[in-house]
Every structure is written in C-alpha cells, then in structure tokens.
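Colleague: Pasting input.csv below, which is CSV, C-alpha atoms.
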chain,number,residue,atom,x,y,z
A,64,MET,CA,-2.6,-18.8,4.5
A,65,PRO,CA,-3.2,-17.9,0.8
A,66,GLY,CA,-5.5,-15.1,1.6
A,67,ARG,CA,-9.2,-15.1,1.3
A,68,ASP,CA,-12.1,-13.7,-0.7
A,69,VAL,CA,-13.8,-10.7,0.9
A,70,PRO,CA,-17.3,-9.3,0.7
A,71,ALA,CA,-16.6,-7.2,-2.4
A,72,TYR,CA,-17.4,-6.8,-6.1
A,73,TYR,CA,-15.3,-8.8,-8.5
A,74,TRP,CA,-14.3,-7.7,-12.0
A,75,SER,CA,-12.5,-9.9,-14.6
A,76,HIS,CA,-10.2,-8.5,-17.2
A,77,PRO,CA,-11.2,-9.5,-20.7
A,78,GLY,CA,-8.5,-11.8,-21.9
A,79,PRO,CA,-4.8,-12.0,-20.8
A,80,PHE,CA,-3.3,-9.1,-18.8
A,81,THR,CA,0.0,-8.0,-20.2
A,82,LEU,CA,2.7,-7.3,-17.6
A,83,GLU,CA,5.2,-4.4,-17.8
A,84,GLY,CA,8.2,-6.7,-17.0
A,85,GLY,CA,7.3,-9.2,-19.7
A,86,GLY,CA,4.8,-12.0,-20.1
A,87,ALA,CA,1.1,-11.9,-19.1
A,88,LEU,CA,-1.4,-13.2,-16.7
A,89,PRO,CA,-3.7,-15.6,-18.6
A,90,SER,CA,-6.6,-14.2,-16.5
A,91,LEU,CA,-7.0,-11.4,-14.0
A,92,ARG,CA,-9.7,-10.9,-11.4
A,93,ILE,CA,-9.8,-7.8,-9.2
A,94,ALA,CA,-11.7,-7.4,-6.0
A,95,TYR,CA,-13.0,-3.9,-5.3
A,96,GLU,CA,-15.4,-2.0,-3.1
A,97,THR,CA,-17.2,1.3,-3.6
A,98,TRP,CA,-18.8,4.0,-1.5
A,99,GLY,CA,-21.2,6.6,-2.8
A,100,GLU,CA,-22.5,6.9,-6.4
A,101,PRO,CA,-20.9,8.3,-9.6
A,102,ALA,CA,-22.1,11.7,-10.6
A,103,PRO,CA,-24.0,12.0,-13.9
A,104,ASP,CA,-20.8,13.4,-15.5
A,105,ARG,CA,-18.6,10.7,-13.8
A,106,GLY,CA,-16.4,13.5,-12.5
A,107,ASN,CA,-16.5,12.8,-8.7
A,108,ALA,CA,-14.4,9.6,-8.6
A,109,VAL,CA,-11.8,9.1,-5.9
A,110,VAL,CA,-9.4,6.2,-6.1
A,111,VAL,CA,-8.1,4.9,-2.7
A,112,PHE,CA,-4.9,2.8,-2.9
A,113,HIS,CA,-3.9,0.5,-0.1
A,114,ALA,CA,-0.4,-0.1,1.3
A,115,LEU,CA,1.6,-3.3,1.3
A,116,SER,CA,-0.6,-5.3,3.7
A,117,GLY,CA,-4.0,-3.8,2.8
A,118,SER,CA,-7.1,-4.9,1.0
A,119,SER,CA,-10.1,-3.3,-0.8
A,120,HIS,CA,-11.8,-2.9,2.6
A,121,ALA,CA,-10.8,0.7,3.3
A,122,PHE,CA,-14.1,1.5,4.9
A,123,GLY,CA,-17.2,-0.4,6.1
A,124,THR,CA,-19.9,-1.2,3.7
A,125,GLU,CA,-23.4,-2.7,3.9
A,126,ALA,CA,-22.0,-6.1,2.7
A,127,ASP,CA,-19.2,-5.8,5.3
A,128,PRO,CA,-19.9,-3.3,8.0
A,129,SER,CA,-16.6,-4.2,9.9
A,130,PRO,CA,-14.3,-1.1,10.2
A,131,GLY,CA,-11.9,-0.7,7.2
A,132,TRP,CA,-8.2,0.0,7.5
A,133,TRP,CA,-8.9,3.7,6.9
A,134,GLN,CA,-12.3,3.8,8.5
A,135,ASP,CA,-12.1,7.2,10.2
A,136,LEU,CA,-11.1,9.0,7.0
A,137,ILE,CA,-14.5,8.8,5.5
A,138,GLY,CA,-17.8,10.5,6.4
A,139,PRO,CA,-19.8,13.8,6.3
A,140,SER,CA,-17.1,15.7,8.2
A,141,SER,CA,-14.4,14.5,5.8
A,142,PRO,CA,-13.5,15.7,2.3
A,143,LEU,CA,-13.9,12.1,1.4
A,144,ASP,CA,-17.7,12.1,1.8
A,145,PRO,CA,-19.6,9.4,-0.1
A,146,SER,CA,-22.6,11.8,-0.4
A,147,LYS,CA,-20.3,13.9,-2.7
A,148,HIS,CA,-17.7,11.4,-4.1
A,149,PHE,CA,-17.7,8.0,-5.7
A,150,LEU,CA,-14.9,6.2,-3.8
A,151,VAL,CA,-13.2,3.1,-5.2
A,152,CYS,CA,-10.7,0.8,-3.5
A,153,SER,CA,-9.4,-2.4,-5.1
A,154,ASN,CA,-7.1,-5.1,-3.9
A,155,LEU,CA,-3.9,-4.7,-6.0
A,156,ILE,CA,-2.8,-7.2,-8.5
A,157,GLY,CA,-0.8,-9.8,-6.7
A,158,GLY,CA,-2.8,-9.4,-3.6
A,159,CYS,CA,-4.4,-12.0,-1.3
A,160,TYR,CA,-7.8,-10.6,-0.7
A,161,GLY,CA,-9.8,-11.7,-3.7
A,162,THR,CA,-7.5,-10.3,-6.5
A,163,THR,CA,-5.5,-12.7,-8.7
A,164,GLY,CA,-2.2,-13.3,-6.9
A,165,PRO,CA,0.3,-16.0,-5.9
A,166,GLY,CA,-2.4,-17.9,-4.0
A,167,SER,CA,-4.6,-18.1,-7.1
A,168,ILE,CA,-4.8,-21.2,-9.3
A,169,ASP,CA,-2.6,-21.2,-12.3
A,170,PRO,CA,-4.8,-22.4,-15.2
A,171,SER,CA,-1.9,-24.0,-16.9
A,172,THR,CA,-1.1,-26.3,-14.0
A,173,SER,CA,-4.3,-26.3,-11.9
A,174,LYS,CA,-2.1,-25.5,-8.9
A,175,ARG,CA,-1.5,-22.3,-7.0
A,176,TYR,CA,1.0,-20.1,-8.5
A,177,GLY,CA,3.2,-19.6,-5.5
A,178,ALA,CA,6.6,-18.2,-6.4
A,179,ARG,CA,5.9,-18.9,-10.0
A,180,PHE,CA,3.6,-15.9,-10.1
A,181,PRO,CA,5.3,-13.3,-12.2
A,182,GLN,CA,6.8,-10.1,-10.6
A,183,VAL,CA,4.1,-7.5,-10.7
A,184,LEU,CA,5.4,-3.9,-10.8
A,185,THR,CA,3.9,-0.7,-9.6
A,186,GLY,CA,3.1,0.2,-13.2
A,187,ASP,CA,1.0,-3.0,-13.5
A,188,MET,CA,-0.9,-2.1,-10.4
A,189,VAL,CA,-1.8,1.3,-12.0
A,190,GLU,CA,-2.8,-0.3,-15.2
A,191,GLY,CA,-5.1,-2.7,-13.4
A,192,GLN,CA,-6.8,0.2,-11.6
A,193,ARG,CA,-7.2,2.1,-14.9
A,194,ALA,CA,-8.8,-0.9,-16.5
A,195,LEU,CA,-11.2,-1.4,-13.6
A,196,LEU,CA,-12.2,2.3,-13.7
A,197,ARG,CA,-13.0,2.0,-17.4
A,198,SER,CA,-15.2,-0.9,-16.7
A,199,LEU,CA,-17.1,1.2,-14.2
A,200,GLY,CA,-17.7,3.9,-16.8
A,201,ILE,CA,-15.3,6.4,-15.2
A,202,ASP,CA,-13.7,8.4,-18.0
A,203,ARG,CA,-13.1,11.7,-16.3
A,204,PRO,CA,-10.0,12.8,-14.3
A,205,VAL,CA,-9.9,11.3,-10.8
A,206,THR,CA,-8.6,12.1,-7.4
A,207,VAL,CA,-6.1,9.6,-6.1
A,208,ILE,CA,-5.1,9.0,-2.5
A,209,GLY,CA,-2.9,6.5,-0.8
A,210,GLY,CA,-0.2,6.0,1.8
A,211,SER,CA,3.2,4.3,1.4
A,212,LEU,CA,2.8,1.9,-1.6
A,213,GLY,CA,-0.5,3.5,-2.3
A,214,GLY,CA,1.0,7.0,-2.6
A,215,MET,CA,3.7,5.6,-5.0
A,216,LEU,CA,0.9,4.4,-7.3
A,217,GLY,CA,-0.9,7.7,-7.3
A,218,LEU,CA,2.2,9.6,-8.2
A,219,LEU,CA,3.1,7.2,-10.9
A,220,TRP,CA,-0.4,7.4,-12.4
A,221,ALA,CA,-0.2,11.2,-12.5
A,222,ILE,CA,3.1,11.1,-14.4
A,223,ARG,CA,2.2,8.4,-16.9
A,224,TYR,CA,-1.3,9.7,-17.6
A,225,PRO,CA,-1.4,13.3,-16.6
A,226,GLU,CA,-4.7,14.0,-18.3
A,227,GLU,CA,-6.4,11.3,-16.1
A,228,VAL,CA,-5.6,12.6,-12.6
A,229,ASN,CA,-6.6,16.0,-11.3
A,230,ARG,CA,-5.5,15.6,-7.6
A,231,VAL,CA,-2.9,13.3,-6.0
A,232,ILE,CA,-2.6,12.9,-2.2
A,233,ALA,CA,0.5,10.8,-1.4
A,234,LEU,CA,1.1,10.1,2.2
A,235,VAL,CA,4.6,9.1,3.4
A,236,SER,CA,5.7,8.3,-0.1
A,237,ALA,CA,8.9,9.4,-1.9
A,238,GLY,CA,9.9,9.6,-5.5
A,239,ARG,CA,11.9,6.4,-5.4
A,240,SER,CA,13.0,3.7,-2.9
A,241,TYR,CA,16.3,4.5,-1.2
A,242,ALA,CA,19.1,2.1,-0.3
A,243,GLN,CA,18.3,1.8,3.4
A,244,THR,CA,14.7,1.1,2.8
A,245,ILE,CA,15.6,-1.5,0.1
A,246,ALA,CA,17.9,-3.1,2.6
A,247,LEU,CA,15.3,-3.3,5.3
A,248,ARG,CA,12.7,-4.9,2.9
A,249,ALA,CA,15.3,-7.3,1.6
A,250,VAL,CA,16.0,-8.7,5.0
A,251,GLN,CA,12.3,-9.1,5.6
A,252,ARG,CA,12.0,-11.2,2.4
A,253,GLU,CA,15.0,-13.2,3.4
A,254,ALA,CA,13.3,-14.1,6.7
A,255,ILE,CA,10.4,-15.6,4.8
A,256,MET,CA,12.5,-17.5,2.2
A,257,LEU,CA,14.8,-19.0,4.8
A,258,ASP,CA,11.9,-20.5,6.7
A,259,PRO,CA,11.7,-24.2,5.5
A,260,GLY,CA,7.9,-23.8,5.6
A,261,TRP,CA,8.1,-21.5,2.6
A,262,ASN,CA,9.1,-24.5,0.5
A,263,GLY,CA,10.1,-22.5,-2.5
A,264,GLY,CA,6.8,-20.7,-2.5
A,265,ASP,CA,4.7,-23.9,-2.4
A,266,CYS,CA,3.4,-23.2,1.1
A,267,TYR,CA,-0.4,-23.6,0.7
A,268,GLU,CA,-0.8,-27.3,1.3
A,269,GLY,CA,0.9,-28.8,4.3
A,270,SER,CA,3.6,-26.2,5.0
A,271,PHE,CA,3.6,-22.6,5.9
A,272,PRO,CA,6.5,-20.2,6.9
A,273,GLU,CA,4.7,-18.9,10.0
A,274,LYS,CA,8.0,-18.0,11.7
A,275,GLY,CA,9.4,-16.4,8.6
A,276,ILE,CA,6.5,-14.1,7.8
A,277,GLY,CA,6.1,-13.4,11.5
A,278,LEU,CA,9.7,-12.3,11.7
A,279,ALA,CA,9.3,-10.2,8.5
A,280,ARG,CA,6.4,-8.4,10.1
A,281,LYS,CA,8.3,-7.8,13.3
A,282,ILE,CA,11.1,-6.1,11.3
A,283,GLY,CA,8.5,-4.2,9.4
A,284,MET,CA,6.8,-3.0,12.6
A,285,ILE,CA,10.1,-1.6,13.9
A,286,THR,CA,10.4,0.5,10.7
A,287,TYR,CA,6.8,1.6,10.7
A,288,ARG,CA,7.0,3.1,14.2
A,289,SER,CA,9.5,5.3,16.0
A,290,ALA,CA,12.0,5.0,18.8
A,291,GLU,CA,10.1,7.6,20.8
A,292,GLU,CA,6.8,5.6,20.6
A,293,PHE,CA,8.5,2.4,21.7
A,294,GLU,CA,10.1,4.2,24.6
A,295,MET,CA,6.8,5.9,25.6
A,296,ARG,CA,4.8,2.7,25.4
A,297,TYR,CA,7.2,0.0,26.7
A,298,GLY,CA,10.5,1.5,27.9
A,299,ARG,CA,12.3,-1.2,29.8
A,300,GLN,CA,9.2,-3.0,31.1
A,301,MET,CA,9.7,-6.7,31.5
A,302,ARG,CA,7.3,-9.5,30.6
A,303,ASP,CA,9.6,-12.1,31.9
A,304,PRO,CA,12.5,-10.9,34.1
A,305,ARG,CA,14.6,-14.1,34.0
A,306,PRO,CA,18.1,-13.1,32.7
A,307,HIS,CA,18.8,-15.9,30.2
A,308,PHE,CA,18.1,-15.1,26.6
A,309,LEU,CA,16.1,-18.3,26.2
A,310,GLU,CA,13.6,-17.2,28.9
A,311,GLY,CA,13.7,-13.5,29.6
A,312,LYS,CA,11.5,-11.1,27.6
A,313,PHE,CA,10.8,-7.3,27.5
A,314,GLU,CA,7.3,-6.1,26.9
A,315,VAL,CA,8.3,-4.6,23.5
A,316,GLN,CA,9.2,-8.1,22.4
A,317,SER,CA,5.8,-9.4,23.4
A,318,TYR,CA,4.3,-6.6,21.3
A,319,LEU,CA,6.3,-7.7,18.3
A,320,ASP,CA,5.4,-11.4,18.9
A,321,HIS,CA,1.7,-10.4,18.9
A,322,GLN,CA,2.0,-8.4,15.7
A,323,GLY,CA,4.0,-11.2,13.9
A,324,ASN,CA,1.5,-14.0,15.0
A,325,LYS,CA,-1.5,-11.9,14.0
A,326,PHE,CA,0.0,-11.1,10.6
A,327,ALA,CA,1.0,-14.7,9.9
A,328,GLY,CA,-2.7,-15.7,10.3
A,329,ARG,CA,-4.0,-13.3,7.6
A,330,PHE,CA,-1.5,-12.7,4.9
A,331,ASP,CA,0.1,-14.6,2.0
A,332,PRO,CA,3.9,-14.7,2.3
A,333,ASN,CA,4.3,-14.7,-1.5
A,334,THR,CA,2.2,-11.6,-1.8
A,335,TYR,CA,4.4,-10.0,0.8
A,336,LEU,CA,7.5,-11.0,-1.2
A,337,LEU,CA,5.9,-9.7,-4.4
A,338,PHE,CA,4.7,-6.3,-3.1
A,339,SER,CA,8.0,-5.7,-1.2
A,340,ARG,CA,10.1,-6.2,-4.3
A,341,ALA,CA,7.7,-4.0,-6.4
A,342,MET,CA,8.3,-1.2,-3.8
A,343,ASP,CA,12.1,-1.7,-4.1
A,344,LEU,CA,11.9,-1.3,-7.9
A,345,TYR,CA,9.8,1.8,-7.7
A,346,ASP,CA,11.5,4.9,-9.2
A,347,LEU,CA,9.5,7.8,-10.7
A,348,SER,CA,12.5,8.9,-12.7
A,349,GLN,CA,12.9,5.6,-14.5
A,350,GLY,CA,12.7,6.2,-18.2
A,351,TYR,CA,13.4,9.9,-17.8
A,352,SER,CA,16.5,11.9,-17.6
A,353,SER,CA,15.7,13.1,-14.0
A,354,LEU,CA,13.1,13.2,-11.4
A,355,GLU,CA,12.3,16.8,-12.5
A,356,GLU,CA,11.6,15.6,-16.0
A,357,ALA,CA,9.3,12.9,-14.8
A,358,VAL,CA,7.2,15.0,-12.4
A,359,GLY,CA,7.2,17.9,-14.9
A,360,ARG,CA,4.6,15.9,-16.8
A,361,MET,CA,2.1,16.1,-13.9
A,362,ARG,CA,-1.0,18.3,-14.2
A,363,ALA,CA,-2.5,17.2,-11.0
A,364,ARG,CA,-2.5,19.3,-7.8
A,365,THR,CA,-0.4,17.3,-5.4
A,366,LEU,CA,-0.5,17.0,-1.6
A,367,LEU,CA,2.6,15.3,-0.1
A,368,LEU,CA,2.2,14.4,3.5
A,369,ALA,CA,5.3,13.6,5.6
A,370,VAL,CA,5.9,12.6,9.2
A,371,ASP,CA,8.8,14.0,11.2
A,372,SER,CA,9.4,10.6,13.0
A,373,ASP,CA,9.2,8.4,9.9
A,374,ILE,CA,12.4,6.3,9.5
A,375,LEU,CA,11.1,4.3,6.5
A,376,CYS,CA,10.3,7.4,4.4
A,377,PRO,CA,12.1,10.2,6.1
A,378,LEU,CA,11.1,13.9,5.7
A,379,TYR,CA,14.1,14.7,3.5
A,380,GLN,CA,12.9,12.2,0.9
A,381,VAL,CA,9.4,13.8,0.7
A,382,GLU,CA,11.0,17.2,0.6
A,383,GLU,CA,13.1,16.2,-2.4
A,384,LEU,CA,10.0,15.1,-4.3
A,385,HIS,CA,8.2,18.3,-3.3
A,386,GLY,CA,11.0,20.4,-4.5
A,387,ALA,CA,11.2,18.6,-7.8
A,388,ILE,CA,7.4,19.1,-8.4
A,389,SER,CA,7.6,22.8,-7.3
A,390,ARG,CA,10.4,23.5,-9.7
A,391,THR,CA,8.5,22.0,-12.7
A,392,SER,CA,4.8,21.6,-12.7
A,393,GLY,CA,4.6,23.8,-9.6
A,394,VAL,CA,1.5,22.3,-8.0
A,395,SER,CA,2.8,20.6,-4.9
A,396,GLU,CA,1.8,21.2,-1.3
A,397,LEU,CA,3.8,19.7,1.5
A,398,SER,CA,2.2,19.0,4.9
A,399,VAL,CA,4.4,17.7,7.8
A,400,ILE,CA,2.8,15.9,10.7
A,401,HIS,CA,4.4,15.8,14.1
A,402,SER,CA,3.8,12.4,15.5
A,403,VAL,CA,5.5,9.6,17.5
A,404,HIS,CA,3.8,7.0,15.3
A,405,GLY,CA,6.4,7.1,12.5
A,406,HIS,CA,5.5,5.7,9.1
A,407,ASP,CA,2.1,4.4,10.4
A,408,SER,CA,1.0,7.9,11.2
A,409,PHE,CA,-1.0,8.0,7.9
A,410,LEU,CA,-3.2,5.4,9.6
A,411,LYS,CA,-2.9,6.4,13.2
A,412,GLU,CA,-3.1,10.2,13.0
A,413,THR,CA,-6.5,10.5,11.4
A,414,ARG,CA,-7.4,13.9,12.8
A,415,LYS,CA,-4.2,15.5,11.5
A,416,VAL,CA,-4.5,13.8,8.1
A,417,LEU,CA,-8.1,15.1,7.9
A,418,GLU,CA,-6.9,18.6,8.7
A,419,ALA,CA,-4.4,18.5,5.8
A,420,LEU,CA,-7.0,17.0,3.4
A,421,SER,CA,-9.5,19.7,4.3
A,422,ARG,CA,-7.1,22.5,3.6
A,423,PHE,CA,-6.1,20.9,0.3
A,424,PHE,CA,-9.6,20.3,-0.9
A,425,ALA,CA,-10.7,23.8,0.1
A,426,ALA,CA,-7.8,25.6,-1.6
The structure in this file should be written as structure tokens.
Modeller:
Amino acid sequence: MPGRDVPAYYWSHPGPFTLEGGGALPSLRIAYETWGEPAPDRGNAVVVFHALSGSSHAFGTEADPSPGWWQDLIGPSSPLDPSKHFLVCSNLIGGCYGTTGPGSIDPSTSKRYGARFPQVLTGDMVEGQRALLRSLGIDRPVTVIGGSLGGMLGLLWAIRYPEEVNRVIALVSAGRSYAQTIALRAVQREAIMLDPGWNGGDCYEGSFPEKGIGLARKIGMITYRSAEEFEMRYGRQMRDPRPHFLEGKFEVQSYLDHQGNKFAGRFDPNTYLLFSRAMDLYDLSQGYSSLEEAVGRMRARTLLLAVDSDILCPLYQVEELHGAISRTSGVSELSVIHSVHGHDSFLKETRKVLEALSRFFAA
C-alpha cells in the first residue's frame, strides 16, 4: 500500500527541493490541513508535527470530519483553540498521505521511487515545514507542538532558527536517539526488508511485505506500551489454549496480530524505513561541541513532557535534555505524566496532556 491522498490542501515547492544529506527532490508536494484563521499580524500560528505513522489529519475538518489522531487535544476548552490560533499540520516529507515520498512517481523514470527515494533527515522535514509556512504568509514566530518524531522536529527548529519559534512543546522526545532505541528500530526495519514481498523496495505492483511491516509494527507496539499495561489488559489470558507453538496463542498475541494487520493495510513500508532511519540519525548536538551549546541557541519557552512508563524514550533522557536547556537558555519546563500507556501516552492521556499544556500556556 503506497499510501493515499487525503482530503487536504496541497502545496508544491517551486522548483527542486535540496536535501541536507545531498542531492535534491526534483519536485515536492506537501499535503497539509489547517484549523482556525491567521490573525491580522500572523502571530497566532501553531504548527502540529505528527509522529512516525501519522498524517496531516490531526483533527477533524469540514472536508474530513473523521476524528484525527490527536482529536481530543483541540477545542474551546484546550489551549489549542481554533477560535484563537491558526493550526497547521502537514504530512512530513517522505510520507505516504499525500506528500511526496517513496510511493510517489519519480519523474526521471515514470515509476514509483521505492527504496530509490533519497534519505530524508529531520532537518529536511523542518525545512519543508518552514517553506510551507512562508507560502501561507506566516512570517512571525510560531508555537510548535509534537510527540516523539514530532517533538524532535520542534526542538531542532528552535535550535536552528531561534528567532522563528517562541514556544516548543515536545512530548516524549529526547535530545538524540540512544543505542537501545536505535537497536529496536533497526530490527523493525530488518523485518520489512527480509520479507520477500519488499522486493528491494519495489513493492507497489504485485508484491507487498505484509508480514514484514506487520512484524515491524508488532515490535513497535511492544515499545510504545508498557509491561504494566500488557499485564493489566491481557495477563495470561488464552485465545487458543492448545500447547503446541504452531497452534496455541495468548490474547496479547492476538492484540499484536490485529495491530500488525491493521497497519499493513494503511502504511507504506518504505516510508516506515525512511522515517525510522531519520529518527536514528537525529541528534541535536550534531554540528555543535555539546548538547548544551546546541540548546543554548534556543529562545523559545520549552515544555518537555515525559512519561514514567516510557521504555522508548525513558524519563532520564528527557531529564537530560531539560537539564541542558535549564543550564543554558533557562526556559525549560518538565512535566512528568504517570501512566501505564508508555510512549503512546502522548496520544492516550489527553486529559493529563491538556493539564500540562494549560499550565504552560497560562504561565
């Protein structure tokens, strides 16, 4: 499944889009959605970044009233109120929901890019968002919010262009990817590439790595949740009590099967590979002598949200980033959520996230 267009606006970059790692995309289209209206001075923009498997559809719109992936975070009772803010969410470069990515047609071959799509880095994703905002007439400092990969992008933007960001809200995001996280994502990529259906990335006509991307998603779901949640929800409940490994199955296995199958039906495996690798390469200190020197460039007020049960971005990693910002630019606030939902708490614990956002916006 190469992805699909969504009910969104589409913006095309004028001419080739230069990539940080070298080379360029000959053309670039970005799918985006908006909520609210720009203020006369264009000073009320909020950029919402999605995580690895997300899209531009963060919230429902008139064109697409279906609930978005962060639906409950918007509204009159939220700091993210479309009557006050102009919210923008785009599908990141390399995505599979309307933005140019591996499933797009390469104009030089008239075939889908597949694995020939160049490696997009987090810096490229930020540059794409900046170009989109300029096309929308937004030339004032913005508020940036995102979880996981989305939080990484907000932090990177605030470091590279400190005059362009006045607030950063980064949920379950650290200052770099650590070895264990890199290892976990590497195994997920390997699961996709070892599936014969991946076919070297040419998996759009006649072959598809359904088992590979399903397995990658299963591994991912184990890292997104916590041992406590799995025990509370499933424990040792059996779906099939037969003892042989070819037959027997616990309920938690059925849950993972469901998640893997559902994901395989909606996501481009090459986008998964691309975004996963971009997250591995993410390091705010790259190009600087230390993390402190990097974050010392920030002028934005920063809210870092961590979850005590997160095994993908553990609390100590967020505390490290918070300490570095506090010692330099000194504008960091740390909010720790208690939850059994692990890394996915930024999507599941809406009430607690809203409480942290309300305090931050009111300060």
Colleague: List every protein, DNA or RNA residue that has an atom no more than 12 Å from (5.1, 19.9, -10.7) in the file's coordinate frame, counting all atoms listed in the file, and report them as a JSON list (two decimals) with C-alpha atoms, keeping the file's coordinate frame.
Modeller:
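Okay, this is what ended up in selection_30.json:
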[["chain", "number", "residue", "atom", "x", "y", "z"],
["A", 218, "LEU", "CA", 2.20, 9.60, -8.20],
["A", 221, "ALA", "CA", -0.20, 11.20, -12.50],
["A", 222, "ILE", "CA", 3.10, 11.10, -14.40],
["A", 225, "PRO", "CA", -1.40, 13.30, -16.60],
["A", 230, "ARG", "CA", -5.50, 15.60, -7.60],
["A", 231, "VAL", "CA", -2.90, 13.30, -6.00],
["A", 354, "LEU", "CA", 13.10, 13.20, -11.40],
["A", 355, "GLU", "CA", 12.30, 16.80, -12.50],
["A", 356, "GLU", "CA", 11.60, 15.60, -16.00],
["A", 357, "ALA", "CA", 9.30, 12.90, -14.80],
["A", 358, "VAL", "CA", 7.20, 15.00, -12.40],
["A", 359, "GLY", "CA", 7.20, 17.90, -14.90],
["A", 360, "ARG", "CA", 4.60, 15.90, -16.80],
["A", 361, "MET", "CA", 2.10, 16.10, -13.90],
["A", 362, "ARG", "CA", -1.00, 18.30, -14.20],
["A", 363, "ALA", "CA", -2.50, 17.20, -11.00],
["A", 364, "ARG", "CA", -2.50, 19.30, -7.80],
["A", 365, "THR", "CA", -0.40, 17.30, -5.40],
["A", 366, "LEU", "CA", -0.50, 17.00, -1.60],
["A", 367, "LEU", "CA", 2.60, 15.30, -0.10],
["A", 384, "LEU", "CA", 10.00, 15.10, -4.30],
["A", 385, "HIS", "CA", 8.20, 18.30, -3.30],
["A", 386, "GLY", "CA", 11.00, 20.40, -4.50],
["A", 387, "ALA", "CA", 11.20, 18.60, -7.80],
["A", 388, "ILE", "CA", 7.40, 19.10, -8.40],
["A", 389, "SER", "CA", 7.60, 22.80, -7.30],
["A", 390, "ARG", "CA", 10.40, 23.50, -9.70],
["A", 391, "THR", "CA", 8.50, 22.00, -12.70],
["A", 392, "SER", "CA", 4.80, 21.60, -12.70],
["A", 393, "GLY", "CA", 4.60, 23.80, -9.60],
["A", 394, "VAL", "CA", 1.50, 22.30, -8.00],
["A", 395, "SER", "CA", 2.80, 20.60, -4.90],
["A", 396, "GLU", "CA", 1.80, 21.20, -1.30]]
Colleague: Closest to Ala71 in chain A among A:Gly209, A:Gly298, A:Gly328, A:Pro128, using only C-alpha atoms?
Modeller: A:Pro128
Colleague: Just to confirm, what's the straight-line distance from CA of Gln182 in chain A to CA of Ile282 in chain A in Å (one decimal)?
Modeller: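 Atom-to-atom, CA of Gln182 in chain A and CA of Ile282 in chain A are spaced 22.7 Å apart.
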Colleague: Excluding Ile374 in chain A and any residue of its chain fewer than 2 positions from it, enumerate the residues within 7 Å of it, using all atoms listed in the file, and give them as a PDB file with C-alpha atoms, keeping the file's coordinate frame.
Modeller:
ATOM      1  CA  THR A 286      10.400   0.500  10.700  1.00  0.00           C
ATOM      2  CA  SER A 372       9.400  10.600  13.000  1.00  0.00           C
ATOM      3  CA  CYS A 376      10.300   7.400   4.400  1.00  0.00           C
ATOM      4  CA  PRO A 377      12.100  10.200   6.100  1.00  0.00           C
ATOM      5  CA  GLY A 405       6.400   7.100  12.500  1.00  0.00           C
ATOM      6  CA  HIS A 406       5.500   5.700   9.100  1.00  0.00           C
TER       7      HIS A 406
END
Colleague: Between A:Ala114, A:Glu412, A:Pro306, A:Arg175, single out the one closest to Asp135 in chain A, counting all atoms listed in the file.
Modeller: A:Glu412
Colleague: Give me, please, the distance in Å between CA of Pro101 in chain A and CA of Gly164 in chain A, quoted to one decimal.
Modeller: 28.7 Å
Colleague: Which residue out of A:Leu278, A:Met295, A:Ala341, A:Leu336 has the minimum interatomic distance to Gln316 in chain A when only C-alpha atoms are used?
Modeller: A:Leu278
Colleague: Between CA of Gly166 in chain A and CA of Leu216 in chain A, what is the spacing in Å?
Modeller: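 These two atoms are separated by 22.8 Å.
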Colleague: Will you give me range 348-391 of chain A, written with C-alpha atoms and laid out as a PDB file, in the first residue's frame?
Modeller:
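Below is the file part-v2.pdb, written as the result:
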ATOM      1  CA  SER A 348      24.211  18.223  19.296  1.00  0.00           C
ATOM      2  CA  GLN A 349      25.395  17.352  15.790  1.00  0.00           C
ATOM      3  CA  GLY A 350      27.448  20.257  14.472  1.00  0.00           C
ATOM      4  CA  TYR A 351      27.986  21.667  17.963  1.00  0.00           C
ATOM      5  CA  SER A 352      30.528  20.917  20.668  1.00  0.00           C
ATOM      6  CA  SER A 353      27.842  19.654  23.059  1.00  0.00           C
ATOM      7  CA  LEU A 354      24.113  19.410  23.666  1.00  0.00           C
ATOM      8  CA  GLU A 355      24.411  22.471  25.904  1.00  0.00           C
ATOM      9  CA  GLU A 356      25.887  24.558  23.103  1.00  0.00           C
ATOM     10  CA  ALA A 357      23.090  23.460  20.767  1.00  0.00           C
ATOM     11  CA  VAL A 358      20.150  24.151  23.075  1.00  0.00           C
ATOM     12  CA  GLY A 359      21.800  27.351  24.292  1.00  0.00           C
ATOM     13  CA  ARG A 360      20.764  28.849  20.956  1.00  0.00           C
ATOM     14  CA  MET A 361      17.069  28.464  21.779  1.00  0.00           C
ATOM     15  CA  ARG A 362      14.952  31.477  22.629  1.00  0.00           C
ATOM     16  CA  ALA A 363      11.687  29.596  22.858  1.00  0.00           C
ATOM     17  CA  ARG A 364       9.922  28.705  26.062  1.00  0.00           C
ATOM     18  CA  THR A 365      10.043  24.927  26.152  1.00  0.00           C
ATOM     19  CA  LEU A 366       7.734  22.337  27.667  1.00  0.00           C
ATOM     20  CA  LEU A 367       9.132  18.815  27.793  1.00  0.00           C
ATOM     21  CA  LEU A 368       6.635  16.099  28.638  1.00  0.00           C
ATOM     22  CA  ALA A 369       7.855  12.688  29.776  1.00  0.00           C
ATOM     23  CA  VAL A 370       6.058   9.520  30.862  1.00  0.00           C
ATOM     24  CA  ASP A 371       7.261   7.404  33.769  1.00  0.00           C
ATOM     25  CA  SER A 372       6.467   4.109  31.977  1.00  0.00           C
ATOM     26  CA  ASP A 373       8.039   5.043  28.614  1.00  0.00           C
ATOM     27  CA  ILE A 374      10.653   2.475  27.555  1.00  0.00           C
ATOM     28  CA  LEU A 375      11.288   4.034  24.132  1.00  0.00           C
ATOM     29  CA  CYS A 376      12.142   7.496  25.467  1.00  0.00           C
ATOM     30  CA  PRO A 377      12.774   6.933  29.189  1.00  0.00           C
ATOM     31  CA  LEU A 378      12.414   9.717  31.717  1.00  0.00           C
ATOM     32  CA  TYR A 379      16.169  10.088  32.237  1.00  0.00           C
ATOM     33  CA  GLN A 380      16.646  11.016  28.572  1.00  0.00           C
ATOM     34  CA  VAL A 381      14.094  13.819  28.798  1.00  0.00           C
ATOM     35  CA  GLU A 382      15.597  14.937  32.113  1.00  0.00           C
ATOM     36  CA  GLU A 383      18.992  15.161  30.415  1.00  0.00           C
ATOM     37  CA  LEU A 384      17.568  17.473  27.767  1.00  0.00           C
ATOM     38  CA  HIS A 385      15.694  19.521  30.365  1.00  0.00           C
ATOM     39  CA  GLY A 386      18.885  19.957  32.378  1.00  0.00           C
ATOM     40  CA  ALA A 387      20.852  21.096  29.349  1.00  0.00           C
ATOM     41  CA  ILE A 388      18.247  23.714  28.432  1.00  0.00           C
ATOM     42  CA  SER A 389      17.923  24.873  32.042  1.00  0.00           C
ATOM     43  CA  ARG A 390      21.686  25.379  32.326  1.00  0.00           C
ATOM     44  CA  THR A 391      21.856  27.437  29.147  1.00  0.00           C
TER      45      THR A 391
END
